[in-house]
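S.K.: The following block contains the structure, expressed as structure tokens.
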Amino acid sequence: MTDLNHSHTGANEEEELVTVLGHWSFDYTYFAGSHASRFFRELSHKRIMGTRCPQCQRLLVPARAFCASCFCRTGDWEAVGMEGNIDTFTITVQNFPGLPEPPLVLAYVTLDGADTALINFVKGVDLSDIESAAGKLLESPRVRVVFGSKPEGKVTDFCFELIPDST
Ligand SMILES: [Zn+2]
């Protein structure tokens with residue numbers, strides 16, 4: 001079901017832009033590929049793994065099959081540290097379908113030993129004052145990885161937790 005909304009300002013109707021209202025809601029599955037599949041399997045063992053590029057030597061996390069900088073296949077699998085630094089973040093105060101109740105902190109974190117960042121929720125941030133929380137996060141604080149008690153091989157198996165007074 002779609003609606004076409006035409007606005008008639010009178011000026012030049014042939015050049016007016018049309019907006020189209022739509023709605024998608026569907027379940028789907030996708031093939032995660034060999035590297036993402038192993039990455040998720042390792043999560044179920046509470047390990048976060050990357051793959052190293054044989055040319056630039058960067059450890060790419062989450063593990064991937066190709067280095068996007070060198071366009072070559074990655075090599076060895078290596079586990080990264082369980083702590084890291086927040087590179088960038090967002091605080092959302094809006095409700096989104098499928099996400100926990102806001103306010104939420106989502107951050108890209110480079111874990112110790114890794115050369116790229118991965119995204120997940122950050123817990124342990126005092127969000128009673130969003131502005132001061134953002135100021136604290138801008139100081140690139142340390143976080144630790146916290147796994148749930150029953151990991152299932154999903155990205156939701158873990159989250160980041162702010163290490164108090166780490167800046
Ligand atoms: Zn590379």
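Residues in the structure tokens are named by chain (A, B, ... in the order shown) and by number from 1 within that chain; ligands are numbered from 1 in the order shown.
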Can I get the residues close to ligand 1 as a PyMOL selection string, where close means within 12 Å and we count only C-alpha atoms and all ligand atoms?

M.R.: chain A and resi 51-60+64-75+115-116

S.K.: As a list in words, please: the residues near Ile119 of chain A (cut-off 10 Å, only C-alpha atoms, same-chain neighbours under 6 positions excluded).

M.R.: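 The filter keeps Pro62, Ile86, Asp87, Thr88, Phe89, Leu106, Ala107, Tyr108, Val109, Thr110, Val155, Cys159 and Phe160 of chain A.
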
S.K.: Take the residues that were just selected and, keeping C-alpha atoms, output them as an mmCIF file, in the first residue's frame.

M.R.:
data_model
loop_
_atom_site.group_PDB
_atom_site.id
_atom_site.type_symbol
_atom_site.label_atom_id
_atom_site.label_comp_id
_atom_site.auth_asym_id
_atom_site.auth_seq_id
_atom_site.Cartn_x
_atom_site.Cartn_y
_atom_site.Cartn_z
ATOM 1 C CA PRO A 62 35.655 -8.349 13.372
ATOM 2 C CA ILE A 86 36.063 4.121 22.539
ATOM 3 C CA ASP A 87 36.836 5.677 19.142
ATOM 4 C CA THR A 88 33.426 7.177 18.488
ATOM 5 C CA PHE A 89 29.939 6.818 19.884
ATOM 6 C CA LEU A 106 26.471 2.618 20.901
ATOM 7 C CA ALA A 107 30.202 2.886 20.327
ATOM 8 C CA TYR A 108 32.970 1.799 17.995
ATOM 9 C CA VAL A 109 35.703 0.335 20.174
ATOM 10 C CA THR A 110 39.215 -0.656 19.156
ATOM 11 C CA VAL A 155 26.855 -10.111 18.405
ATOM 12 C CA CYS A 159 28.605 -5.618 25.263
ATOM 13 C CA PHE A 160 31.128 -3.056 26.399
#

S.K.: Looking only at helix (DSSP H, G or I) from DSSP on the backbone, list the matching residues of segment 75-139 of chain A as a ChimeraX atom specification.

M.R.: /A:130-137

S.K.: I'd like the neighbourhood of segment 141-153 of chain A as a count of residues only, where a residue qualifies if any of its atoms comes within 8 Å (using only C-alpha atoms), though same-chain residues fewer than 3 positions away should be ignored.

M.R.: 24

S.K.: Nearest to Ile91 of chain A: which of A:Gly22, A:Pro164, A:Gly50, A:Pro103 is it, counting only C-alpha atoms?

M.R.: A:Pro103

S.K.: How would you write, as a ChimeraX atom specification, the set of residues in segment 59-126 of chain A that DSSP gives as strand (DSSP E)?

M.R.: /A:59-60,66-67,72-73,77-79,83-92,104-111,118-123

S.K.: Given the selection you just returned, output its residues as a file containing C-alpha atoms, formatted as a compact mmCIF listing (two decimals), in the first residue's frame.

M.R.:
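The resulting part33.txt:
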# COMPACT_ATOMS: atom_id res chain seq x y z
CA LEU A 59 44.60 -7.13 12.72
CA LEU A 60 41.09 -6.67 11.33
CA PHE A 66 39.84 -9.54 2.71
CA CYS A 67 41.77 -6.45 3.69
CA CYS A 72 44.29 -9.20 -0.47
CA ARG A 73 43.16 -12.25 1.47
CA TRP A 77 43.28 -15.72 13.17
CA GLU A 78 44.17 -14.02 16.46
CA ALA A 79 42.22 -13.24 19.62
CA GLU A 83 39.64 -4.15 26.91
CA GLY A 84 39.86 -1.26 24.51
CA ASN A 85 39.19 2.41 23.83
CA ILE A 86 36.06 4.12 22.54
CA ASP A 87 36.84 5.68 19.14
CA THR A 88 33.43 7.18 18.49
CA PHE A 89 29.94 6.82 19.88
CA THR A 90 26.35 7.90 19.69
CA ILE A 91 23.76 8.27 22.43
CA THR A 92 20.27 7.56 21.20
CA LEU A 104 21.43 3.84 24.79
CA VAL A 105 25.11 4.25 24.06
CA LEU A 106 26.47 2.62 20.90
CA ALA A 107 30.20 2.89 20.33
CA TYR A 108 32.97 1.80 17.99
CA VAL A 109 35.70 0.34 20.17
CA THR A 110 39.21 -0.66 19.16
CA LEU A 111 40.12 -3.55 21.41
CA LEU A 118 33.76 -2.95 16.24
CA ILE A 119 30.43 -1.60 17.35
CA ASN A 120 28.28 -2.61 20.30
CA PHE A 121 26.35 -1.20 23.22
CA VAL A 122 28.18 0.42 26.12
CA LYS A 123 26.79 -0.19 29.58

S.K.: With distances taken over only C-alpha atoms, which residue among A:Phe26, A:Glu14, A:Ser128, A:Phe39 lies nearest Lys154 of chain A?

M.R.: A:Phe39

S.K.: May I ask which of the residues A:Asn12, A:Ser37, A:Thr19, A:Thr156 is the closest one to Gly98 of chain A, counting only C-alpha atoms?

M.R.: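 The shortest atom-to-atom distance to Gly98 of chain A comes from A:Thr156.
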